[in-house]
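*Asks:* Can you keep this structure in mind? I'll have questions shortly.
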Amino acid sequence: MRTRRALALAGSAVALSVALTGCSALNGILGGGAGDADRDEDTGQVTESANIDIFALKLGDCKMASASGLIEDADVVPCDQPHDEEVYYEITMKDGEFSEEAVDTASQECIGDAYTSFIGVAYDDSALEVYPITPTQDTWDQLNDRVVQCVVTDPAGQTTGSLKGAAR
């Protein structure tokens with residue numbers, strides 16, 4: 001039952017993020033967004049809380065959930081501070097024509113081996129939830145957006161530190 005729910009959740013999240021990420025693309029094209037956060041030169045980790053353009057979000061970033069539910073920008077924080085979400089995996093899509101089906105298929109990797117390797121247990125056995133941030137037709141065509149980012153969150157509330165190896 002959890003597998004069907006997980007796949008339905010992932011599919012719903014793909015549809016939602018596909019529908020909403022276009023807003024950030026348009027904001028970015030029109031000059032919105034706050035650029036990138038201060039990052040450690042060696043590790044690339046966020047060193048100071050910041051509101052960044054969604055396209056500046058990187059693997060390993062910890063962030064707060066969007067207050068509006070829209071994926072327009074991201075409030076990132078150092079992972080040693082309380083946060084809602086963490087980007088734990090990225091998939092780079094091959095060039096070519098945009099395909100919502102291909103993006104949806106790639107997004108399924110978020111709850112497969114990548115999840116198990118990062119969290120330490122299979123998604124079906126985990127208490128954590130996942131959603132993807134995906135390219136849209138507009139971001140694909142206009143911004144060469146090819147990255148699917150997998151984001152993990154704990155429905156029980158904020159976490160401090162990375163969820164890597166959480167095994168729950």
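As shown in the structure tokens, the chain order sets the letters A, B, ...; within each chain, residues go from 1, and ligands are also counted from 1 in the order they appear.
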Which of segment 70-140 of chain A end up as alpha helix (DSSP H) when DSSP is run on this backbone - answer as a VMD selection string?

*Replies:* chain A and resid 100 to 107 113 to 119 137 to 140

*Asks:* List the neighbours of Glu48 of chain A out to 8 Å using only C-alpha atoms; skip same-chain residues closer than 6 positions along the sequence, and give me the result as a short mmCIF file (atom, residue, chain, number, x, y, z; two decimals) with C-alpha atoms, in the first residue's frame.

*Replies:*
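The file below, result.cif, is the result:
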data_model
loop_
_atom_site.label_atom_id
_atom_site.label_comp_id
_atom_site.auth_asym_id
_atom_site.auth_seq_id
_atom_site.Cartn_x
_atom_site.Cartn_y
_atom_site.Cartn_z
CA ALA A 37 23.69 32.04 -0.61
CA ASP A 38 27.08 32.47 1.04
CA ARG A 39 28.79 29.09 0.77
CA VAL A 77 19.94 27.55 6.05
CA PRO A 78 23.10 25.82 7.23
#

*Asks:* Residues near Gly60 of chain A, anyone? I mean within 8 Å using only C-alpha atoms, not counting same-chain ones fewer than 4 positions away, as a PDB file with all heavy atoms, in the first residue's frame.

*Replies:*
ATOM      1  N   GLN A  45      28.755  24.125   1.117  1.00  0.00           N
ATOM      2  CA  GLN A  45      27.603  24.169   2.016  1.00  0.00           C
ATOM      3  C   GLN A  45      27.231  25.607   2.361  1.00  0.00           C
ATOM      4  O   GLN A  45      28.098  26.480   2.480  1.00  0.00           O
ATOM      5  CB  GLN A  45      27.906  23.393   3.304  1.00  0.00           C
ATOM      6  CG  GLN A  45      28.075  21.900   3.083  1.00  0.00           C
ATOM      7  CD  GLN A  45      26.802  21.257   2.560  1.00  0.00           C
ATOM      8  OE1 GLN A  45      25.754  21.352   3.178  1.00  0.00           O
ATOM      9  NE2 GLN A  45      26.893  20.606   1.415  1.00  0.00           N
ATOM     10  N   GLU A  86      15.687  18.844   2.781  1.00  0.00           N
ATOM     11  CA  GLU A  86      17.078  18.706   2.354  1.00  0.00           C
ATOM     12  C   GLU A  86      17.117  18.132   0.940  1.00  0.00           C
ATOM     13  O   GLU A  86      16.450  17.141   0.647  1.00  0.00           O
ATOM     14  CB  GLU A  86      17.815  17.773   3.322  1.00  0.00           C
ATOM     15  CG  GLU A  86      19.264  17.549   2.994  1.00  0.00           C
ATOM     16  CD  GLU A  86      19.973  16.654   4.013  1.00  0.00           C
ATOM     17  OE1 GLU A  86      19.353  16.247   5.012  1.00  0.00           O
ATOM     18  OE2 GLU A  86      21.162  16.352   3.781  1.00  0.00           O
ATOM     19  N   VAL A  87      17.913  18.749   0.073  1.00  0.00           N
ATOM     20  CA  VAL A  87      18.122  18.224  -1.279  1.00  0.00           C
ATOM     21  C   VAL A  87      19.170  17.129  -1.176  1.00  0.00           C
ATOM     22  O   VAL A  87      20.319  17.389  -0.825  1.00  0.00           O
ATOM     23  CB  VAL A  87      18.597  19.328  -2.250  1.00  0.00           C
ATOM     24  CG1 VAL A  87      18.821  18.750  -3.647  1.00  0.00           C
ATOM     25  CG2 VAL A  87      17.605  20.486  -2.289  1.00  0.00           C
ATOM     26  N   TYR A  88      18.763  15.874  -1.448  1.00  0.00           N
ATOM     27  CA  TYR A  88      19.686  14.756  -1.238  1.00  0.00           C
ATOM     28  C   TYR A  88      20.149  14.068  -2.509  1.00  0.00           C
ATOM     29  O   TYR A  88      21.076  13.252  -2.478  1.00  0.00           O
ATOM     30  CB  TYR A  88      19.070  13.714  -0.292  1.00  0.00           C
ATOM     31  CG  TYR A  88      17.918  12.945  -0.887  1.00  0.00           C
ATOM     32  CD1 TYR A  88      18.120  11.728  -1.516  1.00  0.00           C
ATOM     33  CD2 TYR A  88      16.623  13.453  -0.829  1.00  0.00           C
ATOM     34  CE1 TYR A  88      17.069  11.025  -2.070  1.00  0.00           C
ATOM     35  CE2 TYR A  88      15.572  12.763  -1.373  1.00  0.00           C
ATOM     36  CZ  TYR A  88      15.799  11.551  -1.992  1.00  0.00           C
ATOM     37  OH  TYR A  88      14.746  10.880  -2.548  1.00  0.00           O
ATOM     38  N   TYR A  89      19.542  14.377  -3.650  1.00  0.00           N
ATOM     39  CA  TYR A  89      19.933  13.697  -4.891  1.00  0.00           C
ATOM     40  C   TYR A  89      19.520  14.553  -6.067  1.00  0.00           C
ATOM     41  O   TYR A  89      18.512  15.271  -6.007  1.00  0.00           O
ATOM     42  CB  TYR A  89      19.240  12.334  -4.961  1.00  0.00           C
ATOM     43  CG  TYR A  89      19.698  11.443  -6.089  1.00  0.00           C
ATOM     44  CD1 TYR A  89      20.986  10.920  -6.108  1.00  0.00           C
ATOM     45  CD2 TYR A  89      18.842  11.106  -7.127  1.00  0.00           C
ATOM     46  CE1 TYR A  89      21.400  10.085  -7.143  1.00  0.00           C
ATOM     47  CE2 TYR A  89      19.256  10.273  -8.155  1.00  0.00           C
ATOM     48  CZ  TYR A  89      20.541   9.768  -8.162  1.00  0.00           C
ATOM     49  OH  TYR A  89      20.945   8.946  -9.184  1.00  0.00           O
TER      50      TYR A  89
END

*Asks:* Go ahead and compute the interatomic distance for atom CA of Ser49 of chain A and atom CA of Asp36 of chain A, in Å to one decimal.

*Replies:*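 Value for the atom CA of Ser49 of chain A-atom CA of Asp36 of chain A distance: 10.5 Å.
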
*Asks:* Go through A:Pro132, A:Gly96, A:Pro155, A:Gly165 one by one, measure the shortest atom-to-atom distance of each to Thr116 of chain A using only C-alpha atoms, and give the residue with the smallest value.

*Replies:*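 Checking each of A:Pro132, A:Gly96, A:Pro155, A:Gly165 against Thr116 of chain A, counting only C-alpha atoms, the winner is A:Gly165.
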
*Asks:* Between atom CA of Thr134 of chain A and atom CA of Arg146 of chain A, what is the distance in Å, rounded to a tenth?

*Replies:*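 Interatomic distance here is 8.2 Å.
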
*Asks:* Counting only C-alpha atoms, which residue out of A:Thr160, A:Thr153, A:Ser117, A:Asn144 sits closest to Ala65 of chain A?

*Replies:* A:Thr153

*Asks:* Enumerate the residues of segment 51-149 of chain A with a DSSP assignment of strand (DSSP E), computed from the backbone, and present them as a list in words.

*Replies:*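 So the strand (DSSP E) residues in segment 51-149 of chain A would be Asn51, Ile52, Asp53, Cys62, Lys63, Asp73, Ala74, Asp75, Val76, Val77, Glu85, Glu86, Val87, Tyr88, Tyr89, Glu90, Ile91, Thr92, Glu129, Val130, Tyr131, Pro132, Ile133, Val147, Val148 and Gln149 of chain A.
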
*Asks:* Would you compute the distance between atom CA of Ser126 of chain A and atom CA of Asp154 of chain A? Give it in Å to one decimal.

*Replies:*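 Atom CA of Ser126 of chain A sits 9.9 Å away from atom CA of Asp154 of chain A.
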